[in-house]
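Participant: What follows is run12.pdb, PDB, N, CA and C atoms.
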ATOM      1  N   MET A   1    -152.367 238.044  74.995
ATOM      2  CA  MET A   1    -151.226 237.336  75.522
ATOM      3  C   MET A   1    -150.216 237.141  74.392
ATOM      4  N   ILE A   2    -148.938 237.345  74.704
ATOM      5  CA  ILE A   2    -147.865 237.123  73.741
ATOM      6  C   ILE A   2    -147.215 235.780  74.051
ATOM      7  N   VAL A   3    -147.120 234.938  73.030
ATOM      8  CA  VAL A   3    -146.542 233.606  73.175
ATOM      9  C   VAL A   3    -145.557 233.358  72.031
ATOM     10  N   HIS A   4    -144.886 232.221  72.088
ATOM     11  CA  HIS A   4    -143.950 231.891  71.020
ATOM     12  C   HIS A   4    -144.012 230.414  70.659
ATOM     13  N   LYS A   5    -143.508 230.114  69.481
ATOM     14  CA  LYS A   5    -143.370 228.734  68.994
ATOM     15  C   LYS A   5    -141.977 228.642  68.403
ATOM     16  N   THR A   6    -141.221 227.609  68.803
ATOM     17  CA  THR A   6    -139.854 227.435  68.320
ATOM     18  C   THR A   6    -139.727 226.118  67.567
ATOM     19  N   PHE A   7    -139.071 226.190  66.419
ATOM     20  CA  PHE A   7    -138.754 225.019  65.611
ATOM     21  C   PHE A   7    -137.235 224.861  65.649
ATOM     22  N   THR A   8    -136.744 223.664  65.967
ATOM     23  CA  THR A   8    -135.304 223.444  66.120
ATOM     24  C   THR A   8    -134.874 222.175  65.395
ATOM     25  N   GLU A   9    -133.711 222.232  64.788
ATOM     26  CA  GLU A   9    -133.123 221.070  64.111
ATOM     27  C   GLU A   9    -131.648 220.955  64.486
ATOM     28  N   GLN A  10    -131.165 219.744  64.560
ATOM     29  CA  GLN A  10    -129.750 219.454  64.786
ATOM     30  C   GLN A  10    -129.019 219.627  63.463
ATOM     31  N   THR A  11    -127.924 220.379  63.461
ATOM     32  CA  THR A  11    -127.153 220.590  62.234
ATOM     33  C   THR A  11    -125.677 220.219  62.411
ATOM     34  N   THR A  12    -125.352 219.519  63.477
ATOM     35  CA  THR A  12    -123.969 219.115  63.730
ATOM     36  C   THR A  12    -123.433 218.298  62.560
ATOM     37  N   GLY A  13    -122.265 218.669  62.099
ATOM     38  CA  GLY A  13    -121.602 217.919  61.041
ATOM     39  C   GLY A  13    -122.042 218.273  59.636
ATOM     40  N   LEU A  14    -123.037 219.124  59.502
ATOM     41  CA  LEU A  14    -123.503 219.503  58.173
ATOM     42  C   LEU A  14    -122.788 220.761  57.706
ATOM     43  N   THR A  15    -122.465 220.802  56.431
ATOM     44  CA  THR A  15    -121.829 221.982  55.848
ATOM     45  C   THR A  15    -122.476 222.268  54.499
ATOM     46  N   GLY A  16    -122.218 223.432  53.971
ATOM     47  CA  GLY A  16    -122.645 223.789  52.625
ATOM     48  C   GLY A  16    -124.124 223.605  52.383
ATOM     49  N   GLN A  17    -124.443 222.955  51.266
ATOM     50  CA  GLN A  17    -125.830 222.779  50.839
ATOM     51  C   GLN A  17    -126.648 221.958  51.823
ATOM     52  N   ALA A  18    -126.035 220.991  52.478
ATOM     53  CA  ALA A  18    -126.763 220.166  53.445
ATOM     54  C   ALA A  18    -127.242 221.018  54.616
ATOM     55  N   ALA A  19    -126.371 221.884  55.121
ATOM     56  CA  ALA A  19    -126.742 222.763  56.236
ATOM     57  C   ALA A  19    -127.799 223.764  55.796
ATOM     58  N   LEU A  20    -127.605 224.354  54.624
ATOM     59  CA  LEU A  20    -128.579 225.321  54.117
ATOM     60  C   LEU A  20    -129.930 224.666  53.863
ATOM     61  N   GLY A  21    -129.913 223.455  53.364
ATOM     62  CA  GLY A  21    -131.164 222.735  53.112
ATOM     63  C   GLY A  21    -131.931 222.465  54.393
ATOM     64  N   LYS A  22    -131.225 222.075  55.431
ATOM     65  CA  LYS A  22    -131.852 221.812  56.734
ATOM     66  C   LYS A  22    -132.461 223.094  57.293
ATOM     67  N   ARG A  23    -131.738 224.198  57.158
ATOM     68  CA  ARG A  23    -132.249 225.491  57.632
ATOM     69  C   ARG A  23    -133.478 225.927  56.841
ATOM     70  N   GLU A  24    -133.424 225.741  55.544
ATOM     71  CA  GLU A  24    -134.557 226.148  54.702
ATOM     72  C   GLU A  24    -135.796 225.321  55.025
ATOM     73  N   THR A  25    -135.623 224.037  55.299
ATOM     74  CA  THR A  25    -136.749 223.189  55.691
ATOM     75  C   THR A  25    -137.394 223.704  56.975
ATOM     76  N   LEU A  26    -136.566 224.124  57.912
ATOM     77  CA  LEU A  26    -137.082 224.654  59.178
ATOM     78  C   LEU A  26    -137.819 225.978  58.953
ATOM     79  N   ARG A  27    -137.291 226.816  58.080
ATOM     80  CA  ARG A  27    -137.981 228.069  57.745
ATOM     81  C   ARG A  27    -139.349 227.779  57.123
ATOM     82  N   GLU A  28    -139.406 226.769  56.271
ATOM     83  CA  GLU A  28    -140.673 226.404  55.642
ATOM     84  C   GLU A  28    -141.688 225.916  56.673
ATOM     85  N   LYS A  29    -141.228 225.171  57.689
ATOM     86  CA  LYS A  29    -142.127 224.740  58.764
ATOM     87  C   LYS A  29    -142.688 225.945  59.510
ATOM     88  N   ALA A  30    -141.839 226.932  59.765
ATOM     89  CA  ALA A  30    -142.285 228.141  60.449
ATOM     90  C   ALA A  30    -143.300 228.900  59.586
ATOM     91  N   GLU A  31    -143.040 229.017  58.297
ATOM     92  CA  GLU A  31    -143.968 229.684  57.383
ATOM     93  C   GLU A  31    -145.311 228.957  57.339
ATOM     94  N   GLU A  32    -145.263 227.643  57.326
ATOM     95  CA  GLU A  32    -146.475 226.830  57.310
ATOM     96  C   GLU A  32    -147.297 227.047  58.587
ATOM     97  N   PHE A  33    -146.621 227.098  59.731
ATOM     98  CA  PHE A  33    -147.300 227.362  60.995
ATOM     99  C   PHE A  33    -148.006 228.721  60.945
ATOM    100  N   ILE A  34    -147.309 229.728  60.461
ATOM    101  CA  ILE A  34    -147.904 231.066  60.364
ATOM    102  C   ILE A  34    -149.109 231.038  59.435
ATOM    103  N   ALA A  35    -148.967 230.425  58.282
ATOM    104  CA  ALA A  35    -150.053 230.395  57.290
ATOM    105  C   ALA A  35    -151.281 229.643  57.792
ATOM    106  N   ASN A  36    -151.068 228.575  58.554
ATOM    107  CA  ASN A  36    -152.179 227.721  58.971
ATOM    108  C   ASN A  36    -152.769 228.061  60.334
ATOM    109  N   GLU A  37    -151.989 228.675  61.202
ATOM    110  CA  GLU A  37    -152.419 228.865  62.590
ATOM    111  C   GLU A  37    -152.621 230.322  63.009
ATOM    112  N   LEU A  38    -152.050 231.269  62.258
ATOM    113  CA  LEU A  38    -152.057 232.659  62.698
ATOM    114  C   LEU A  38    -152.585 233.595  61.635
ATOM    115  N   ASN A  39    -152.988 234.766  62.080
ATOM    116  CA  ASN A  39    -153.244 235.878  61.172
ATOM    117  C   ASN A  39    -151.939 236.658  61.061
ATOM    118  N   ASP A  40    -151.627 237.147  59.878
ATOM    119  CA  ASP A  40    -150.361 237.853  59.674
ATOM    120  C   ASP A  40    -150.162 238.978  60.680
ATOM    121  N   GLU A  41    -151.244 239.694  61.001
ATOM    122  CA  GLU A  41    -151.123 240.839  61.908
ATOM    123  C   GLU A  41    -150.787 240.429  63.345
ATOM    124  N   ASP A  42    -150.916 239.144  63.675
ATOM    125  CA  ASP A  42    -150.600 238.676  65.018
ATOM    126  C   ASP A  42    -149.117 238.324  65.200
ATOM    127  N   VAL A  43    -148.377 238.222  64.105
ATOM    128  CA  VAL A  43    -146.945 237.914  64.187
ATOM    129  C   VAL A  43    -146.200 239.163  64.639
ATOM    130  N   ILE A  44    -145.439 239.025  65.721
ATOM    131  CA  ILE A  44    -144.672 240.137  66.270
ATOM    132  C   ILE A  44    -143.236 240.092  65.783
ATOM    133  N   SER A  45    -142.647 238.894  65.811
ATOM    134  CA  SER A  45    -141.233 238.769  65.472
ATOM    135  C   SER A  45    -140.918 237.336  65.050
ATOM    136  N   ILE A  46    -139.954 237.222  64.149
ATOM    137  CA  ILE A  46    -139.413 235.918  63.756
ATOM    138  C   ILE A  46    -137.899 236.016  63.922
ATOM    139  N   ALA A  47    -137.340 235.124  64.715
ATOM    140  CA  ALA A  47    -135.899 235.157  64.988
ATOM    141  C   ALA A  47    -135.265 233.818  64.652
ATOM    142  N   GLU A  48    -134.087 233.882  64.050
ATOM    143  CA  GLU A  48    -133.301 232.683  63.777
ATOM    144  C   GLU A  48    -132.086 232.684  64.690
ATOM    145  N   THR A  49    -131.757 231.516  65.220
ATOM    146  CA  THR A  49    -130.620 231.381  66.119
ATOM    147  C   THR A  49    -129.774 230.189  65.685
ATOM    148  N   VAL A  50    -128.481 230.406  65.606
ATOM    149  CA  VAL A  50    -127.530 229.331  65.306
ATOM    150  C   VAL A  50    -126.670 229.130  66.546
ATOM    151  N   MET A  51    -126.700 227.909  67.075
ATOM    152  CA  MET A  51    -125.865 227.571  68.222
ATOM    153  C   MET A  51    -124.756 226.657  67.718
ATOM    154  N   THR A  52    -123.641 227.259  67.373
ATOM    155  CA  THR A  52    -122.557 226.480  66.769
ATOM    156  C   THR A  52    -121.976 225.444  67.723
ATOM    157  N   ALA A  53    -121.900 225.767  69.009
ATOM    158  CA  ALA A  53    -121.345 224.818  69.972
ATOM    159  C   ALA A  53    -122.211 223.571  70.093
ATOM    160  N   GLY A  54    -123.517 223.739  70.051
ATOM    161  CA  GLY A  54    -124.420 222.602  70.193
ATOM    162  C   GLY A  54    -124.919 222.057  68.873
ATOM    163  N   GLY A  55    -124.599 222.749  67.785
ATOM    164  CA  GLY A  55    -125.017 222.291  66.473
ATOM    165  C   GLY A  55    -126.507 222.382  66.235
ATOM    166  N   LEU A  56    -127.136 223.428  66.771
ATOM    167  CA  LEU A  56    -128.585 223.587  66.613
ATOM    168  C   LEU A  56    -128.909 224.829  65.802
ATOM    169  N   PHE A  57    -130.005 224.760  65.061
ATOM    170  CA  PHE A  57    -130.551 225.902  64.346
ATOM    171  C   PHE A  57    -132.008 226.014  64.749
ATOM    172  N   SER A  58    -132.436 227.216  65.134
ATOM    173  CA  SER A  58    -133.807 227.417  65.597
ATOM    174  C   SER A  58    -134.454 228.610  64.914
ATOM    175  N   VAL A  59    -135.744 228.500  64.701
ATOM    176  CA  VAL A  59    -136.567 229.613  64.244
ATOM    177  C   VAL A  59    -137.660 229.790  65.292
ATOM    178  N   THR A  60    -137.754 230.992  65.870
ATOM    179  CA  THR A  60    -138.763 231.279  66.883
ATOM    180  C   THR A  60    -139.702 232.352  66.369
ATOM    181  N   ILE A  61    -140.988 232.086  66.510
ATOM    182  CA  ILE A  61    -142.038 233.023  66.122
ATOM    183  C   ILE A  61    -142.704 233.534  67.391
ATOM    184  N   TRP A  62    -142.664 234.837  67.611
ATOM    185  CA  TRP A  62    -143.384 235.477  68.713
ATOM    186  C   TRP A  62    -144.667 236.049  68.127
ATOM    187  N   TYR A  63    -145.805 235.765  68.787
ATOM    188  CA  TYR A  63    -147.084 236.204  68.237
ATOM    189  C   TYR A  63    -148.113 236.457  69.327
ATOM    190  N   ARG A  64    -149.157 237.187  68.937
ATOM    191  CA  ARG A  64    -150.280 237.438  69.833
ATOM    192  C   ARG A  64    -151.254 236.273  69.748
ATOM    193  N   LYS A  65    -151.595 235.750  70.896
ATOM    194  CA  LYS A  65    -152.585 234.658  70.959
ATOM    195  C   LYS A  65    -153.921 235.282  71.318
ATOM    196  N   ARG A  66    -154.927 235.027  70.506
ATOM    197  CA  ARG A  66    -156.253 235.599  70.733
ATOM    198  C   ARG A  66    -157.241 234.534  71.127
TER     199      ARG A  66
END
Take the structure in the file and give it back as structure tokens.
Facilitator:
Amino acid sequence: MIVHKTFTEQTTGLTGQAALGKRETLREKAEEFIANELNDEDVISIAETVMTAGGLFSVTIWYRKR
């Protein structure tokens, strides 16, 4: 079965280093999830999405659930 896990943070009003820091923290959460919950070979895709209108940043991991 193929499933996904999404990590999302609000970034409205953040610019420069503050915005980048928030994004990097979210990437680290995704990396931690992969390291602790999955085997590397089960990861299919990692996608980042920026929704400027809503001020959201998301990292989605698609993976095989065994």
Participant: Env of region 57-63 of chain A: 6 Å cut, atoms = only C-alpha atoms, seq-sep filter 2 positions within chain, self excluded. Answer as a list in words.
Facilitator: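 Here the qualifying residues turn out to be Ile2, Val3, His4, Lys5, Thr6, Phe7, Thr8, Glu9, Asp42, Val43, Ile44, Ser45, Ile46, Ala47, Glu48, Thr49 and Val50 of chain A.
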Participant: With distances taken over only C-alpha atoms, which of A:Arg66, A:Glu32, A:Leu38, A:Gly55 is nearest to Thr15 (chain A)?
Facilitator: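 Looking only at the distances to Thr15 (chain A), the closest residue turns out to be A:Gly55.
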Participant: Fewer than 6 positions away in the same chain doesn't count, so skip those; otherwise give me all residues within 7 Å of Gly54 (chain A), counting all atoms listed in the file, as number ranges by chain.
Facilitator: A: 10-12
Participant: Based on DSSP run over this structure's backbone, return all residues of chain A in strand (DSSP E or B), as a CSV table (one decimal) with N, CA and C atoms, in the frame of the given file.
Facilitator:
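Contents of selection-v7.csv, freshly written:
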chain,number,residue,atom,x,y,z
A,2,ILE,N,-148.9,237.3,74.7
A,2,ILE,CA,-147.9,237.1,73.7
A,2,ILE,C,-147.2,235.8,74.1
A,3,VAL,N,-147.1,234.9,73.0
A,3,VAL,CA,-146.5,233.6,73.2
A,3,VAL,C,-145.6,233.4,72.0
A,4,HIS,N,-144.9,232.2,72.1
A,4,HIS,CA,-144.0,231.9,71.0
A,4,HIS,C,-144.0,230.4,70.7
A,5,LYS,N,-143.5,230.1,69.5
A,5,LYS,CA,-143.4,228.7,69.0
A,5,LYS,C,-142.0,228.6,68.4
A,6,THR,N,-141.2,227.6,68.8
A,6,THR,CA,-139.9,227.4,68.3
A,6,THR,C,-139.7,226.1,67.6
A,7,PHE,N,-139.1,226.2,66.4
A,7,PHE,CA,-138.8,225.0,65.6
A,7,PHE,C,-137.2,224.9,65.6
A,8,THR,N,-136.7,223.7,66.0
A,8,THR,CA,-135.3,223.4,66.1
A,8,THR,C,-134.9,222.2,65.4
A,9,GLU,N,-133.7,222.2,64.8
A,9,GLU,CA,-133.1,221.1,64.1
A,9,GLU,C,-131.6,221.0,64.5
A,10,GLN,N,-131.2,219.7,64.6
A,10,GLN,CA,-129.8,219.5,64.8
A,10,GLN,C,-129.0,219.6,63.5
A,43,VAL,N,-148.4,238.2,64.1
A,43,VAL,CA,-146.9,237.9,64.2
A,43,VAL,C,-146.2,239.2,64.6
A,44,ILE,N,-145.4,239.0,65.7
A,44,ILE,CA,-144.7,240.1,66.3
A,44,ILE,C,-143.2,240.1,65.8
A,45,SER,N,-142.6,238.9,65.8
A,45,SER,CA,-141.2,238.8,65.5
A,45,SER,C,-140.9,237.3,65.0
A,46,ILE,N,-140.0,237.2,64.1
A,46,ILE,CA,-139.4,235.9,63.8
A,46,ILE,C,-137.9,236.0,63.9
A,47,ALA,N,-137.3,235.1,64.7
A,47,ALA,CA,-135.9,235.2,65.0
A,47,ALA,C,-135.3,233.8,64.7
A,48,GLU,N,-134.1,233.9,64.0
A,48,GLU,CA,-133.3,232.7,63.8
A,48,GLU,C,-132.1,232.7,64.7
A,49,THR,N,-131.8,231.5,65.2
A,49,THR,CA,-130.6,231.4,66.1
A,49,THR,C,-129.8,230.2,65.7
A,50,VAL,N,-128.5,230.4,65.6
A,50,VAL,CA,-127.5,229.3,65.3
A,50,VAL,C,-126.7,229.1,66.5
A,51,MET,N,-126.7,227.9,67.1
A,51,MET,CA,-125.9,227.6,68.2
A,51,MET,C,-124.8,226.7,67.7
A,56,LEU,N,-127.1,223.4,66.8
A,56,LEU,CA,-128.6,223.6,66.6
A,56,LEU,C,-128.9,224.8,65.8
A,57,PHE,N,-130.0,224.8,65.1
A,57,PHE,CA,-130.6,225.9,64.3
A,57,PHE,C,-132.0,226.0,64.7
A,58,SER,N,-132.4,227.2,65.1
A,58,SER,CA,-133.8,227.4,65.6
A,58,SER,C,-134.5,228.6,64.9
A,59,VAL,N,-135.7,228.5,64.7
A,59,VAL,CA,-136.6,229.6,64.2
A,59,VAL,C,-137.7,229.8,65.3
A,60,THR,N,-137.8,231.0,65.9
A,60,THR,CA,-138.8,231.3,66.9
A,60,THR,C,-139.7,232.4,66.4
A,61,ILE,N,-141.0,232.1,66.5
A,61,ILE,CA,-142.0,233.0,66.1
A,61,ILE,C,-142.7,233.5,67.4
A,62,TRP,N,-142.7,234.8,67.6
A,62,TRP,CA,-143.4,235.5,68.7
A,62,TRP,C,-144.7,236.0,68.1
A,63,TYR,N,-145.8,235.8,68.8
A,63,TYR,CA,-147.1,236.2,68.2
A,63,TYR,C,-148.1,236.5,69.3
A,64,ARG,N,-149.2,237.2,68.9
A,64,ARG,CA,-150.3,237.4,69.8
A,64,ARG,C,-151.3,236.3,69.7
Participant: Distance CA of Leu56 (chain A)-CA of Ala35 (chain A), one decimal place?
Facilitator: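 CA of Leu56 (chain A) sits 24.4 Å away from CA of Ala35 (chain A).
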Participant: Counting only C-alpha atoms, which residue out of A:Leu20, A:Lys65, A:Gly13, A:Ala53 sits closest to Glu37 (chain A)?
Facilitator: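 Of the candidates, the smallest distance to Glu37 (chain A) is held by A:Lys65.
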Participant: What is the atom C of Asn36 (chain A) to CA of Arg64 (chain A) distance in Å?
Facilitator: 13.6 Å
Participant: Take atom C of Phe33 (chain A) and CA of Gln17 (chain A) and report the distance between them in Å, one decimal.
Facilitator: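 A separation of 25.1 Å between them.
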Participant: If DSSP is run on the backbone, what residues of region 4-48 of chain A are alpha helix (DSSP H)? A reply as a PDB file with N, CA and C atoms, keeping the file's coordinate frame would be ideal.
Facilitator:
ATOM      1  N   GLY A  16    -122.218 223.432  53.971  1.00  0.00           N
ATOM      2  CA  GLY A  16    -122.645 223.789  52.625  1.00  0.00           C
ATOM      3  C   GLY A  16    -124.124 223.605  52.383  1.00  0.00           C
ATOM      4  N   GLN A  17    -124.443 222.955  51.266  1.00  0.00           N
ATOM      5  CA  GLN A  17    -125.830 222.779  50.839  1.00  0.00           C
ATOM      6  C   GLN A  17    -126.648 221.958  51.823  1.00  0.00           C
ATOM      7  N   ALA A  18    -126.035 220.991  52.478  1.00  0.00           N
ATOM      8  CA  ALA A  18    -126.763 220.166  53.445  1.00  0.00           C
ATOM      9  C   ALA A  18    -127.242 221.018  54.616  1.00  0.00           C
ATOM     10  N   ALA A  19    -126.371 221.884  55.121  1.00  0.00           N
ATOM     11  CA  ALA A  19    -126.742 222.763  56.236  1.00  0.00           C
ATOM     12  C   ALA A  19    -127.799 223.764  55.796  1.00  0.00           C
ATOM     13  N   LEU A  20    -127.605 224.354  54.624  1.00  0.00           N
ATOM     14  CA  LEU A  20    -128.579 225.321  54.117  1.00  0.00           C
ATOM     15  C   LEU A  20    -129.930 224.666  53.863  1.00  0.00           C
ATOM     16  N   GLY A  21    -129.913 223.455  53.364  1.00  0.00           N
ATOM     17  CA  GLY A  21    -131.164 222.735  53.112  1.00  0.00           C
ATOM     18  C   GLY A  21    -131.931 222.465  54.393  1.00  0.00           C
ATOM     19  N   LYS A  22    -131.225 222.075  55.431  1.00  0.00           N
ATOM     20  CA  LYS A  22    -131.852 221.812  56.734  1.00  0.00           C
ATOM     21  C   LYS A  22    -132.461 223.094  57.293  1.00  0.00           C
ATOM     22  N   ARG A  23    -131.738 224.198  57.158  1.00  0.00           N
ATOM     23  CA  ARG A  23    -132.249 225.491  57.632  1.00  0.00           C
ATOM     24  C   ARG A  23    -133.478 225.927  56.841  1.00  0.00           C
ATOM     25  N   GLU A  24    -133.424 225.741  55.544  1.00  0.00           N
ATOM     26  CA  GLU A  24    -134.557 226.148  54.702  1.00  0.00           C
ATOM     27  C   GLU A  24    -135.796 225.321  55.025  1.00  0.00           C
ATOM     28  N   THR A  25    -135.623 224.037  55.299  1.00  0.00           N
ATOM     29  CA  THR A  25    -136.749 223.189  55.691  1.00  0.00           C
ATOM     30  C   THR A  25    -137.394 223.704  56.975  1.00  0.00           C
ATOM     31  N   LEU A  26    -136.566 224.124  57.912  1.00  0.00           N
ATOM     32  CA  LEU A  26    -137.082 224.654  59.178  1.00  0.00           C
ATOM     33  C   LEU A  26    -137.819 225.978  58.953  1.00  0.00           C
ATOM     34  N   ARG A  27    -137.291 226.816  58.080  1.00  0.00           N
ATOM     35  CA  ARG A  27    -137.981 228.069  57.745  1.00  0.00           C
ATOM     36  C   ARG A  27    -139.349 227.779  57.123  1.00  0.00           C
ATOM     37  N   GLU A  28    -139.406 226.769  56.271  1.00  0.00           N
ATOM     38  CA  GLU A  28    -140.673 226.404  55.642  1.00  0.00           C
ATOM     39  C   GLU A  28    -141.688 225.916  56.673  1.00  0.00           C
ATOM     40  N   LYS A  29    -141.228 225.171  57.689  1.00  0.00           N
ATOM     41  CA  LYS A  29    -142.127 224.740  58.764  1.00  0.00           C
ATOM     42  C   LYS A  29    -142.688 225.945  59.510  1.00  0.00           C
ATOM     43  N   ALA A  30    -141.839 226.932  59.765  1.00  0.00           N
ATOM     44  CA  ALA A  30    -142.285 228.141  60.449  1.00  0.00           C
ATOM     45  C   ALA A  30    -143.300 228.900  59.586  1.00  0.00           C
ATOM     46  N   GLU A  31    -143.040 229.017  58.297  1.00  0.00           N
ATOM     47  CA  GLU A  31    -143.968 229.684  57.383  1.00  0.00           C
ATOM     48  C   GLU A  31    -145.311 228.957  57.339  1.00  0.00           C
ATOM     49  N   GLU A  32    -145.263 227.643  57.326  1.00  0.00           N
ATOM     50  CA  GLU A  32    -146.475 226.830  57.310  1.00  0.00           C
ATOM     51  C   GLU A  32    -147.297 227.047  58.587  1.00  0.00           C
ATOM     52  N   PHE A  33    -146.621 227.098  59.731  1.00  0.00           N
ATOM     53  CA  PHE A  33    -147.300 227.362  60.995  1.00  0.00           C
ATOM     54  C   PHE A  33    -148.006 228.721  60.945  1.00  0.00           C
ATOM     55  N   ILE A  34    -147.309 229.728  60.461  1.00  0.00           N
ATOM     56  CA  ILE A  34    -147.904 231.066  60.364  1.00  0.00           C
ATOM     57  C   ILE A  34    -149.109 231.038  59.435  1.00  0.00           C
ATOM     58  N   ALA A  35    -148.967 230.425  58.282  1.00  0.00           N
ATOM     59  CA  ALA A  35    -150.053 230.395  57.290  1.00  0.00           C
ATOM     60  C   ALA A  35    -151.281 229.643  57.792  1.00  0.00           C
ATOM     61  N   ASN A  36    -151.068 228.575  58.554  1.00  0.00           N
ATOM     62  CA  ASN A  36    -152.179 227.721  58.971  1.00  0.00           C
ATOM     63  C   ASN A  36    -152.769 228.061  60.334  1.00  0.00           C
ATOM     64  N   GLU A  37    -151.989 228.675  61.202  1.00  0.00           N
ATOM     65  CA  GLU A  37    -152.419 228.865  62.590  1.00  0.00           C
ATOM     66  C   GLU A  37    -152.621 230.322  63.009  1.00  0.00           C
TER      67      GLU A  37
END
Participant: Could you give me region 11-26 of chain A completed to N, CA, C and O atoms, formatted as a compact mmCIF listing (two decimals), keeping the file's coordinate frame?
Facilitator:
# COMPACT_ATOMS: atom_id res chain seq x y z
N THR A 11 -127.92 220.38 63.46
CA THR A 11 -127.15 220.59 62.23
C THR A 11 -125.68 220.22 62.41
O THR A 11 -124.86 220.56 61.56
N THR A 12 -125.35 219.52 63.48
CA THR A 12 -123.97 219.12 63.73
C THR A 12 -123.43 218.30 62.56
O THR A 12 -124.09 217.38 62.07
N GLY A 13 -122.26 218.67 62.10
CA GLY A 13 -121.60 217.92 61.04
C GLY A 13 -122.04 218.27 59.64
O GLY A 13 -121.47 217.77 58.67
N LEU A 14 -123.04 219.12 59.50
CA LEU A 14 -123.50 219.50 58.17
C LEU A 14 -122.79 220.76 57.71
O LEU A 14 -122.54 221.68 58.48
N THR A 15 -122.46 220.80 56.43
CA THR A 15 -121.83 221.98 55.85
C THR A 15 -122.48 222.27 54.50
O THR A 15 -123.20 221.43 53.94
N GLY A 16 -122.22 223.43 53.97
CA GLY A 16 -122.64 223.79 52.62
C GLY A 16 -124.12 223.60 52.38
O GLY A 16 -124.97 224.02 53.18
N GLN A 17 -124.44 222.96 51.27
CA GLN A 17 -125.83 222.78 50.84
C GLN A 17 -126.65 221.96 51.82
O GLN A 17 -127.84 222.20 52.00
N ALA A 18 -126.04 220.99 52.48
CA ALA A 18 -126.76 220.17 53.44
C ALA A 18 -127.24 221.02 54.62
O ALA A 18 -128.39 220.91 55.05
N ALA A 19 -126.37 221.88 55.12
CA ALA A 19 -126.74 222.76 56.24
C ALA A 19 -127.80 223.76 55.80
O ALA A 19 -128.79 224.00 56.51
N LEU A 20 -127.60 224.35 54.62
CA LEU A 20 -128.58 225.32 54.12
C LEU A 20 -129.93 224.67 53.86
O LEU A 20 -130.98 225.25 54.13
N GLY A 21 -129.91 223.46 53.36
CA GLY A 21 -131.16 222.74 53.11
C GLY A 21 -131.93 222.46 54.39
O GLY A 21 -133.15 222.62 54.45
N LYS A 22 -131.22 222.08 55.43
CA LYS A 22 -131.85 221.81 56.73
C LYS A 22 -132.46 223.09 57.29
O LYS A 22 -133.58 223.10 57.81
N ARG A 23 -131.74 224.20 57.16
CA ARG A 23 -132.25 225.49 57.63
C ARG A 23 -133.48 225.93 56.84
O ARG A 23 -134.44 226.43 57.40
N GLU A 24 -133.42 225.74 55.54
CA GLU A 24 -134.56 226.15 54.70
C GLU A 24 -135.80 225.32 55.02
O GLU A 24 -136.91 225.85 55.05
N THR A 25 -135.62 224.04 55.30
CA THR A 25 -136.75 223.19 55.69
C THR A 25 -137.39 223.70 56.98
O THR A 25 -138.62 223.74 57.10
N LEU A 26 -136.57 224.12 57.91
CA LEU A 26 -137.08 224.65 59.18
C LEU A 26 -137.82 225.98 58.95
O LEU A 26 -138.88 226.21 59.54
